[in-house]
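One structure is given below, encoded as structure tokens.
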Amino acid sequence: MAQYVVQLRFDPAQTDRRMEVRPAHREYLTELKAAGKLVAAGPFADQTGALLVYDVADETELREILAKDPYTPANEYEIATLAEWQPLFPLS
């Protein structure tokens, strides 16, 4: 397994639309957390984006997970960073 950090960037002009999709997005994240695929997730305080940490087999699995996120078909984010992460102090 590998951990990946994904930083999303949101378009402030699309906030209302993103809020409509957010309940489905958060439900999906809850399912990923229960399945052990999502380590941590949350929006930035200024709502300009979010940071998510995934525990997956590889980047291919991560991209499949991202493709199924309700935010993806709604075009609600841009990936600012997608990188394999080697934590010095793991999240608990």
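Please note that chains go A, B, ... in the order of the structure tokens, that every chain numbers its residues from 1, and that ligands are numbered from 1 in the order shown.
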
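In the backbone-derived DSSP annotation, strand (DSSP E) within stretch 6-90 of chain A comprises Val6, Gln7, Leu8, Arg9, Leu38, Val39, Ala40, Ala41, Gly42, Pro43, Gly49, Ala50, Leu51, Leu52, Val53, Tyr54, Asp55, Val56, Glu78, Ile79, Ala80, Thr81, Leu82, Ala83, Glu84 and Trp85 of chain A.
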
Kindly indicate which residue among A:Lys68, A:Asp55, A:Tyr77, A:Thr60 lies nearest to A:Ala34, using only C-alpha atoms for the distances.
A:Asp55

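Rounded to one decimal, atom CA of A:Gln86 and atom CA of A:Asp46 lie 26.8 Å from each other.
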
Which distance in Å separates atom CA of A:Arg26 and atom CA of A:Pro73, to one decimal?
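Pair atom CA of A:Arg26 / atom CA of A:Pro73 returns 14.8 Å.
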
Please provide as a tab-separated table (two decimals) with all heavy atoms, in the first residue's frame all residues within 8 Å of stretch 5-7 of chain A, with the sequence filter that same-chain residues fewer than 6 positions apart are discarded (counting only C-alpha atoms).
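Saved result, part-v4.tsv, follows:
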```tsv
chain	number	residue	atom	x	y	z
A	49	GLY	N	-10.10	25.19	-1.33
A	49	GLY	CA	-9.69	23.86	-1.74
A	49	GLY	C	-9.75	22.91	-0.57
A	49	GLY	O	-10.35	23.21	0.46
A	50	ALA	N	-9.14	21.74	-0.76
A	50	ALA	CA	-9.16	20.71	0.28
A	50	ALA	C	-7.91	19.86	0.17
A	50	ALA	O	-7.24	19.84	-0.86
A	50	ALA	CB	-10.40	19.84	0.12
A	51	LEU	N	-7.61	19.15	1.25
A	51	LEU	CA	-6.49	18.23	1.29
A	51	LEU	C	-7.02	16.86	1.69
A	51	LEU	O	-7.80	16.74	2.64
A	51	LEU	CB	-5.44	18.70	2.30
A	51	LEU	CG	-4.17	17.87	2.33
A	51	LEU	CD1	-3.35	18.12	1.06
A	51	LEU	CD2	-3.34	18.23	3.55
A	52	LEU	N	-6.61	15.84	0.94
A	52	LEU	CA	-7.04	14.47	1.21
A	52	LEU	C	-5.83	13.56	1.19
A	52	LEU	O	-4.92	13.75	0.37
A	52	LEU	CB	-8.04	14.00	0.15
A	52	LEU	CG	-9.28	14.89	0.00
A	52	LEU	CD1	-9.12	15.81	-1.18
A	52	LEU	CD2	-10.51	14.06	-0.13
A	53	VAL	N	-5.81	12.58	2.10
A	53	VAL	CA	-4.74	11.60	2.15
A	53	VAL	C	-5.37	10.22	1.96
A	53	VAL	O	-6.28	9.84	2.70
A	53	VAL	CB	-3.97	11.65	3.49
A	53	VAL	CG1	-2.86	10.60	3.52
A	53	VAL	CG2	-3.41	13.05	3.74
A	54	TYR	N	-4.90	9.51	0.96
A	54	TYR	CA	-5.44	8.19	0.62
A	54	TYR	C	-4.41	7.12	0.90
A	54	TYR	O	-3.20	7.34	0.76
A	54	TYR	CB	-5.80	8.14	-0.87
A	54	TYR	CG	-6.93	9.05	-1.27
A	54	TYR	CD1	-6.68	10.34	-1.71
A	54	TYR	CD2	-8.24	8.61	-1.22
A	54	TYR	CE1	-7.72	11.17	-2.09
A	54	TYR	CE2	-9.29	9.44	-1.60
A	54	TYR	CZ	-9.01	10.72	-2.04
A	54	TYR	OH	-10.05	11.54	-2.41
A	79	ILE	N	-7.14	19.44	-9.64
A	79	ILE	CA	-6.10	18.84	-8.81
A	79	ILE	C	-4.87	19.75	-8.85
A	79	ILE	O	-4.27	19.94	-9.90
A	79	ILE	CB	-5.75	17.42	-9.28
A	79	ILE	CG1	-6.95	16.49	-9.10
A	79	ILE	CG2	-4.54	16.89	-8.51
A	79	ILE	CD1	-6.74	15.08	-9.62
A	80	ALA	N	-4.55	20.31	-7.70
A	80	ALA	CA	-3.36	21.17	-7.59
A	80	ALA	C	-2.12	20.33	-7.34
A	80	ALA	O	-1.05	20.63	-7.85
A	80	ALA	CB	-3.55	22.19	-6.47
A	81	THR	N	-2.28	19.27	-6.54
A	81	THR	CA	-1.18	18.37	-6.22
A	81	THR	C	-1.71	16.95	-6.11
A	81	THR	O	-2.77	16.73	-5.52
A	81	THR	CB	-0.53	18.73	-4.86
A	81	THR	OG1	-0.10	20.08	-4.89
A	81	THR	CG2	0.63	17.83	-4.52
A	82	LEU	N	-0.98	16.02	-6.68
A	82	LEU	CA	-1.24	14.59	-6.49
A	82	LEU	C	0.15	13.97	-6.40
A	82	LEU	O	0.90	13.96	-7.37
A	82	LEU	CB	-2.02	14.02	-7.66
A	82	LEU	CG	-2.49	12.56	-7.51
A	82	LEU	CD1	-3.72	12.32	-8.34
A	82	LEU	CD2	-1.42	11.56	-7.80
A	83	ALA	N	0.51	13.48	-5.20
A	83	ALA	CA	1.86	12.97	-4.99
A	83	ALA	C	1.85	11.83	-3.99
A	83	ALA	O	1.10	11.86	-3.01
A	83	ALA	CB	2.77	14.09	-4.49
A	84	GLU	N	2.71	10.85	-4.24
A	84	GLU	CA	2.89	9.81	-3.24
A	84	GLU	C	3.59	10.44	-2.05
A	84	GLU	O	4.51	11.25	-2.19
A	84	GLU	CB	3.72	8.65	-3.80
A	84	GLU	CG	3.77	7.48	-2.85
A	84	GLU	CD	4.38	6.23	-3.44
A	84	GLU	OE1	4.73	6.22	-4.64
A	84	GLU	OE2	4.52	5.26	-2.69
A	85	TRP	N	3.14	10.04	-0.86
A	85	TRP	CA	3.60	10.67	0.37
A	85	TRP	C	4.30	9.62	1.23
A	85	TRP	O	3.80	8.49	1.37
A	85	TRP	CB	2.41	11.25	1.10
A	85	TRP	CG	2.68	12.04	2.33
A	85	TRP	CD1	3.66	12.97	2.51
A	85	TRP	CD2	1.95	12.00	3.55
A	85	TRP	NE1	3.59	13.51	3.77
A	85	TRP	CE2	2.55	12.94	4.42
A	85	TRP	CE3	0.86	11.28	3.99
A	85	TRP	CZ2	2.09	13.16	5.72
A	85	TRP	CZ3	0.38	11.50	5.27
A	85	TRP	CH2	0.99	12.43	6.14
```

Neighbouring residues of A:Gln47 were defined as those with any atom within 12 Å, considering only C-alpha atoms; residues of the same chain fewer than 3 positions away were excluded. Please report them as a ChimeraX atom specification.
/A:8-16,18-19,42-44,50-51,77

Write the residues of the preceding selection, restricted to N, CA and C atoms, as a CSV table (one decimal), in the first residue's frame.
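Ended up saving to again-v9.csv:
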```csv
chain,number,residue,atom,x,y,z
A,8,LEU,N,-6.9,19.6,-3.6
A,8,LEU,CA,-7.9,20.1,-4.6
A,8,LEU,C,-8.0,21.6,-4.5
A,9,ARG,N,-8.3,22.2,-5.6
A,9,ARG,CA,-8.5,23.7,-5.7
A,9,ARG,C,-9.9,23.9,-6.2
A,10,PHE,N,-10.7,24.7,-5.5
A,10,PHE,CA,-12.1,25.0,-5.9
A,10,PHE,C,-12.2,26.4,-6.6
A,11,ASP,N,-13.1,26.5,-7.5
A,11,ASP,CA,-13.4,27.7,-8.2
A,11,ASP,C,-14.4,28.5,-7.3
A,12,PRO,N,-14.0,29.7,-6.7
A,12,PRO,CA,-14.9,30.4,-5.9
A,12,PRO,C,-16.2,30.8,-6.6
A,13,ALA,N,-16.2,31.0,-7.9
A,13,ALA,CA,-17.4,31.3,-8.6
A,13,ALA,C,-18.4,30.2,-8.6
A,14,GLN,N,-18.0,29.0,-8.3
A,14,GLN,CA,-18.8,27.8,-8.4
A,14,GLN,C,-19.3,27.3,-7.0
A,15,THR,N,-19.1,28.1,-5.9
A,15,THR,CA,-19.4,27.7,-4.6
A,15,THR,C,-20.8,27.2,-4.4
A,16,ASP,N,-21.8,27.9,-4.9
A,16,ASP,CA,-23.2,27.4,-4.8
A,16,ASP,C,-23.4,26.1,-5.4
A,18,ARG,N,-21.1,23.8,-5.9
A,18,ARG,CA,-20.3,22.8,-5.2
A,18,ARG,C,-21.1,22.4,-3.9
A,19,MET,N,-21.7,23.4,-3.3
A,19,MET,CA,-22.5,23.1,-2.1
A,19,MET,C,-23.6,22.1,-2.3
A,42,GLY,N,-10.3,17.1,4.4
A,42,GLY,CA,-11.0,18.3,4.9
A,42,GLY,C,-10.7,19.5,4.0
A,43,PRO,N,-11.6,20.4,4.0
A,43,PRO,CA,-11.4,21.7,3.3
A,43,PRO,C,-10.5,22.6,4.0
A,44,PHE,N,-9.9,23.5,3.3
A,44,PHE,CA,-9.2,24.6,3.9
A,44,PHE,C,-10.2,25.6,4.5
A,50,ALA,N,-9.1,21.7,-0.8
A,50,ALA,CA,-9.2,20.7,0.3
A,50,ALA,C,-7.9,19.9,0.2
A,51,LEU,N,-7.6,19.2,1.3
A,51,LEU,CA,-6.5,18.2,1.3
A,51,LEU,C,-7.0,16.9,1.7
A,77,TYR,N,-13.7,20.7,-9.1
A,77,TYR,CA,-12.3,20.9,-8.5
A,77,TYR,C,-11.3,20.8,-9.6
```
